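Beneath this line is the structure, given in structure tokens, with notes to follow.
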Protein chains: 2
Amino acid sequence: MPREAPKPAKMALTLIALDRPTPDFAAVFTRNALPGAPIVIGRRRLGEPALGAILVNNKISNVCAPGGIEAAERICAETARLLGFKAGEILPSSTGVIGWGLPVEAMLQALPAAVAALEGGSILPAAEGIVTTDLFPKVRRATVGGGSLVGIAKGAGMIEPNLATMLVYLLTDLAVPRAELRAMLSRAMETSFNAISVDGDTSTSDTVVLLSSGRAPCPDRAAFETALATLCRDLAEDVVRNGEGVRHVIRVTVRQAADAGFARALGKAIVNAPLFKCAVAGNDPNVGRLVQAVGKYVGAQAPGADLSRLRLSLGGVEIFSDGVFQLNPEKEQALAAHLRAAELYASAPKDGVFAPPVDYPPHERCVEVEVDLGCGTAIATVLGGDLTHEYVSENADYRS
Amino acid sequence: MPREAPKPAKMALTLIALDRPTPDFAAVFTRNALPGAPIVIGRRRLGEPALGAILVNNKISNVCAPGGIEAAERICAETARLLGFKAGEILPSSTGVIGWGLPVEAMLQALPAAVAALEGGSILPAAEGIVTTDLFPKVRRATVGGGSLVGIAKGAGMIEPNLATMLVYLLTDLAVPRAELRAMLSRAMETSFNAISVDGDTSTSDTVVLLSSGRAPCPDRAAFETALATLCRDLAEDVVRNGEGVRHVIRVTVRQAADAGFARALGKAIVNAPLFKCAVAGNDPNVGRLVQAVGKYVGAQAPGADLSRLRLSLGGVEIFSDGVFQLNPEKEQALAAHLRAAELYASAPKDGVFAPPVDYPPHERCVEVEVDLGCGTAIATVLGGDLTHEYVSENADYRS
């Protein structure tokens, strides 16, 4: 799909608003050191007494554009006026091209229609409104006691160069106070959005927000936290399965590590290793590339570490132990079959362009990699994708 | 070029031998924590009194294969017998598929022909003999006083999954004692082979060896070290310009950094950022992706660092300063023209496969990125390549 230069006329505004602002909200933002204006403002909002609405635009991400913060605040103020809220109760969110300024006047003119379009029945219109290069809207829902938790996400990668960024909005009617809500969201991040990578890049705009309207009592906080963690994990997997050019989702589980941080970082190093990613794309059980990725990370980050008890498996088939490969022709066939079974679609160019021929993932299978370090009790699971012609077509074949 | 499964009949053996073993040699090896058998043996050889020859094979890299060290030592012993040297005076070097064992008997049978083929006139046959996925042999030569220094390299990336690995052999007749030779090689690495990246992967077999026959006096050690550093830098650039699928060489210079290590690591983060690499491949001056890469690295490695004095330029055109982008339509045109001028060849599939249509780089131009951190005096230059359909075709389209 050839991309067009950003045009205000094409921009979609999506408004997510509560009936009244809530003191109970949580948000986490990108760690990129050159964040977008909405991130700078969002960090300020964490200190506000309450949050009432989120205004999302696509096409332009408002990152390091001259006057970007003032532009976003002006739009927040007008949104607040239309909703009867305060300006500090509106969280701005932007996704799209980095480096362009927001078309403020056009956005101000479009705001009344966005407010008029607010509806209470379904989150789906919002999930559809925020997508850009996404193939499908991502919605997950859980019920906990007498209340529920719903989340939507957009993003086809940890970053999006052009028209995407990972944005996640989580809404619940369950009453959980601000401090506890923020601690729970922080913990849920570690095993969900902080454990995925499509291309190893980190957006300047990544945002996860959780709002509690407090309408339903929440006597079982542990059940709520479990539901929150599961919902985040499911949405994170949706983001990877819909990642740019992803034809195989790769799930790496690192066991018996000295600590969970090292386990997760090693898992990320594997799903970010371009040659292993290419092998997976080609359904090629080139396990040498997997060993290379493990050895590269350990050699660079923990030189001298003892790898004598290292065990690796792919699709449940042991491929490395006792310091040497454990391969034979039957295993190679089983490995290739595992890779083929996890493929989401076959790669085929259409009119010279590689584009996904599916609009929804046909299955939920993963390429399963297990790494057993044999030197501790920590464990981590990381999700990533392969490296394909579809990724290159998406990101190199058209002028952004 | 469809690849064939490794067949001993197709393996090339290349022998580089001195007239007599020399005590003055230096070598550096990969930091990958799961190194190949030749690396394990090579590290032992550093303690030997002398080194006389290097035996290189392609097709199979002899990494973590059962009995791999014994196999390599057996071949070294036979090579030594044929040359009249000791087994410990032979350095084995292997490149190719990770995970397969060496065809020892076939290699032993081929050794007499390799010894008979030794010649003194030119290094070119050796440079040609060790190539695999390389497009062209890489030879560089320098004269220093009454002697000379010659180097050859193979490798189409920091790593090669299939049939390549970075192997570099440097030969000189200039007499430089072992300890000084090793210190000079170590220093030369930092600004050459440790400052390049094709795909961010680190081979299990990377090797750089320097042999001094000692036949010519070397009164000017400083001149020798300068020549060594220049020759290594030139060979390193050759490796990138010949990198798998590389259609643009990217040169990143990071200035005014707090220390050179940080500057080099930031430069590598930029040349390894897949979305920026894709933009370069598409001659697309998507400078937002460059800012993302800088912000990701600084945010992850130096959170809280002051980027207020950050200045970025591409092709000599300033694109970022004072915390915001400095762009206009004229600059965008200049940036696109700079990218097009640095392209080595246009991408076009032939029979559905993307392969380089050139057998030698048509020019030596680079995409020039300058990053000025404004917080110190250190500087580093890093070379890398773009991310292209040719890279994916090379590494995903065929069974390895």
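Residue numbers start at 1 in each chain; chains themselves are named A, B, ... in the order of the structure tokens; ligands are numbered from 1 in the order shown.
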List the spatial neighbours of Gly315 of chain B as a VMD selection string - criterion: any atom at most 10 Å away, only C-alpha atoms, same-chain residues fewer than 5 positions off excluded. chain B and resid 334 to 339 342 366 to 370
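Close contacts of Arg140 of chain B, defined as residues with an atom at most 7 Å away when counting only C-alpha atoms, with chain neighbours fewer than 5 positions off set aside, comprise B:Val150, B:Gly151, B:Ile152, B:Leu231, B:Leu235.
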Contact set, chain B to chain A: 6 Å, only C-alpha atoms, as a list in words: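 Result: Arg31, Asn32, Ala33, Leu34, Cys64, Ala65, Pro66, Ile98, Gly99, Pro161, Thr202, Cys278, Ala279, Ala281, Gly282, Asp284, Gly288, Arg289, Gly295, Lys296, Val298, Gly299, Val324, Phe325, His389, Asn395, Ala396, Asp397 and Arg399 of chain B.
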For the selection you just gave me, I'd like the residues written to a file as a PDB file, in the first residue's frame, keeping N, CA and C atoms.
ATOM      1  N   ARG B  31      34.375 -12.312  20.211  1.00  0.00           N
ATOM      2  CA  ARG B  31      33.978 -12.319  21.621  1.00  0.00           C
ATOM      3  C   ARG B  31      32.737 -13.174  21.837  1.00  0.00           C
ATOM      4  N   ASN B  32      32.233 -13.808  20.783  1.00  0.00           N
ATOM      5  CA  ASN B  32      31.073 -14.675  20.944  1.00  0.00           C
ATOM      6  C   ASN B  32      31.379 -15.759  21.979  1.00  0.00           C
ATOM      7  N   ALA B  33      30.448 -15.981  22.925  1.00  0.00           N
ATOM      8  CA  ALA B  33      30.689 -16.914  24.035  1.00  0.00           C
ATOM      9  C   ALA B  33      30.573 -18.373  23.626  1.00  0.00           C
ATOM     10  N   LEU B  34      30.174 -18.640  22.388  1.00  0.00           N
ATOM     11  CA  LEU B  34      30.125 -20.019  21.888  1.00  0.00           C
ATOM     12  C   LEU B  34      30.994 -20.094  20.631  1.00  0.00           C
ATOM     13  N   CYS B  64      31.074 -25.813  17.599  1.00  0.00           N
ATOM     14  CA  CYS B  64      30.291 -26.646  18.510  1.00  0.00           C
ATOM     15  C   CYS B  64      29.882 -27.983  17.877  1.00  0.00           C
ATOM     16  N   ALA B  65      30.684 -28.467  16.957  1.00  0.00           N
ATOM     17  CA  ALA B  65      30.425 -29.796  16.388  1.00  0.00           C
ATOM     18  C   ALA B  65      31.128 -30.818  17.278  1.00  0.00           C
ATOM     19  N   PRO B  66      30.503 -31.968  17.507  1.00  0.00           N
ATOM     20  CA  PRO B  66      31.157 -32.977  18.343  1.00  0.00           C
ATOM     21  C   PRO B  66      32.535 -33.337  17.769  1.00  0.00           C
ATOM     22  N   ILE B  98      27.402 -23.310  10.553  1.00  0.00           N
ATOM     23  CA  ILE B  98      27.583 -23.611  11.967  1.00  0.00           C
ATOM     24  C   ILE B  98      26.811 -24.884  12.287  1.00  0.00           C
ATOM     25  N   GLY B  99      27.476 -25.828  12.939  1.00  0.00           N
ATOM     26  CA  GLY B  99      26.769 -27.013  13.395  1.00  0.00           C
ATOM     27  C   GLY B  99      27.190 -28.306  12.706  1.00  0.00           C
ATOM     28  N   PRO B 161      25.984 -16.472   8.658  1.00  0.00           N
ATOM     29  CA  PRO B 161      25.250 -17.617   9.114  1.00  0.00           C
ATOM     30  C   PRO B 161      25.611 -18.838   8.320  1.00  0.00           C
ATOM     31  N   THR B 202      27.293 -11.165  15.624  1.00  0.00           N
ATOM     32  CA  THR B 202      28.711 -11.392  15.878  1.00  0.00           C
ATOM     33  C   THR B 202      29.029 -12.852  15.611  1.00  0.00           C
ATOM     34  N   CYS B 278      16.220   0.673   6.625  1.00  0.00           N
ATOM     35  CA  CYS B 278      15.240   0.529   5.540  1.00  0.00           C
ATOM     36  C   CYS B 278      15.020   1.864   4.832  1.00  0.00           C
ATOM     37  N   ALA B 279      14.960   2.949   5.601  1.00  0.00           N
ATOM     38  CA  ALA B 279      14.756   4.265   4.981  1.00  0.00           C
ATOM     39  C   ALA B 279      15.907   4.572   4.024  1.00  0.00           C
ATOM     40  N   ALA B 281      17.789   2.412   2.505  1.00  0.00           N
ATOM     41  CA  ALA B 281      17.641   1.520   1.353  1.00  0.00           C
ATOM     42  C   ALA B 281      16.682   2.131   0.330  1.00  0.00           C
ATOM     43  N   GLY B 282      15.630   2.788   0.827  1.00  0.00           N
ATOM     44  CA  GLY B 282      14.636   3.368  -0.067  1.00  0.00           C
ATOM     45  C   GLY B 282      14.949   4.798  -0.495  1.00  0.00           C
ATOM     46  N   ASP B 284      15.045   7.289   1.210  1.00  0.00           N
ATOM     47  CA  ASP B 284      13.974   8.051   1.854  1.00  0.00           C
ATOM     48  C   ASP B 284      14.559   8.798   3.049  1.00  0.00           C
ATOM     49  N   GLY B 288      13.204  11.162  11.001  1.00  0.00           N
ATOM     50  CA  GLY B 288      12.569  10.780  12.259  1.00  0.00           C
ATOM     51  C   GLY B 288      13.109   9.444  12.755  1.00  0.00           C
ATOM     52  N   ARG B 289      13.426   8.547  11.837  1.00  0.00           N
ATOM     53  CA  ARG B 289      13.960   7.243  12.242  1.00  0.00           C
ATOM     54  C   ARG B 289      15.371   7.380  12.814  1.00  0.00           C
ATOM     55  N   GLY B 295      17.628   8.567  20.243  1.00  0.00           N
ATOM     56  CA  GLY B 295      16.878   8.637  21.502  1.00  0.00           C
ATOM     57  C   GLY B 295      16.732   7.293  22.168  1.00  0.00           C
ATOM     58  N   LYS B 296      16.568   6.229  21.380  1.00  0.00           N
ATOM     59  CA  LYS B 296      16.464   4.892  21.966  1.00  0.00           C
ATOM     60  C   LYS B 296      17.748   4.543  22.699  1.00  0.00           C
ATOM     61  N   VAL B 298      20.299   6.480  23.796  1.00  0.00           N
ATOM     62  CA  VAL B 298      20.608   7.339  24.947  1.00  0.00           C
ATOM     63  C   VAL B 298      19.629   7.061  26.084  1.00  0.00           C
ATOM     64  N   GLY B 299      18.336   6.882  25.744  1.00  0.00           N
ATOM     65  CA  GLY B 299      17.340   6.606  26.782  1.00  0.00           C
ATOM     66  C   GLY B 299      17.605   5.307  27.510  1.00  0.00           C
ATOM     67  N   VAL B 324      14.741  20.609  18.325  1.00  0.00           N
ATOM     68  CA  VAL B 324      13.684  20.395  17.327  1.00  0.00           C
ATOM     69  C   VAL B 324      14.281  20.141  15.938  1.00  0.00           C
ATOM     70  N   PHE B 325      13.458  19.598  15.049  1.00  0.00           N
ATOM     71  CA  PHE B 325      13.882  19.371  13.675  1.00  0.00           C
ATOM     72  C   PHE B 325      14.108  20.697  12.965  1.00  0.00           C
ATOM     73  N   HIS B 389      16.004  -5.809   0.415  1.00  0.00           N
ATOM     74  CA  HIS B 389      15.468  -7.078  -0.086  1.00  0.00           C
ATOM     75  C   HIS B 389      16.603  -8.058  -0.405  1.00  0.00           C
ATOM     76  N   ASN B 395      19.456 -14.359   2.927  1.00  0.00           N
ATOM     77  CA  ASN B 395      19.409 -15.071   4.202  1.00  0.00           C
ATOM     78  C   ASN B 395      18.104 -15.780   4.517  1.00  0.00           C
ATOM     79  N   ALA B 396      17.081 -15.578   3.713  1.00  0.00           N
ATOM     80  CA  ALA B 396      15.789 -16.216   4.006  1.00  0.00           C
ATOM     81  C   ALA B 396      15.239 -17.014   2.842  1.00  0.00           C
ATOM     82  N   ASP B 397      15.624 -16.676   1.626  1.00  0.00           N
ATOM     83  CA  ASP B 397      14.919 -17.270   0.488  1.00  0.00           C
ATOM     84  C   ASP B 397      15.389 -18.670   0.143  1.00  0.00           C
ATOM     85  N   ARG B 399      17.141 -22.453   1.492  1.00  0.00           N
ATOM     86  CA  ARG B 399      17.509 -23.364   2.566  1.00  0.00           C
ATOM     87  C   ARG B 399      19.012 -23.334   2.723  1.00  0.00           C
TER      88      ARG B 399
END
Can you pull out every residue within 10 Å of Phe193 of chain A, counting only C-alpha atoms, but drop anything in the same chain fewer than 3 positions away, and send it as a PyMOL selection string? chain A and resi 158+166+168+188-190+196-197+206+208+232-237+239-240+382-383
Quick one: distance from atom CA of Gly316 of chain A to atom CA of Val358 of chain A in Å, one decimal?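 Computing the Euclidean distance for atom CA of Gly316 of chain A and atom CA of Val358 of chain A yields 28.0 Å.
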A straight line from atom CA of Tyr169 of chain A to atom CA of Leu210 of chain A spans 6.1 Å
Residues at most 6 Å from Thr14 of chain B, counting only C-alpha atoms, excluding those fewer than 6 positions away in the same chain, as a ChimeraX atom specification? /B:55-56,129
Next, dump the selected residues to file, keeping only N, CA and C atoms, as a tab-separated table (two decimals), in the first residue's frame.
chain	number	residue	atom	x	y	z
B	55	LEU	N	45.84	-22.31	7.78
B	55	LEU	CA	45.09	-23.15	6.84
B	55	LEU	C	43.61	-22.78	6.97
B	56	VAL	N	43.04	-22.31	5.86
B	56	VAL	CA	41.66	-21.83	5.87
B	56	VAL	C	40.79	-22.76	5.04
B	129	GLY	N	40.75	-17.28	-2.81
B	129	GLY	CA	40.44	-18.63	-2.31
B	129	GLY	C	39.55	-18.63	-1.08
If you run DSSP on the backbone, which residues of segment 234-284 of chain A are strand (DSSP E or B), as a list in words?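 Those in segment 234-284 of chain A that DSSP calls strand (DSSP E or B) are Val249, Ile250, Arg251, Val252, Thr253, Val254, Arg255, Gln256 and Ala257 of chain A.
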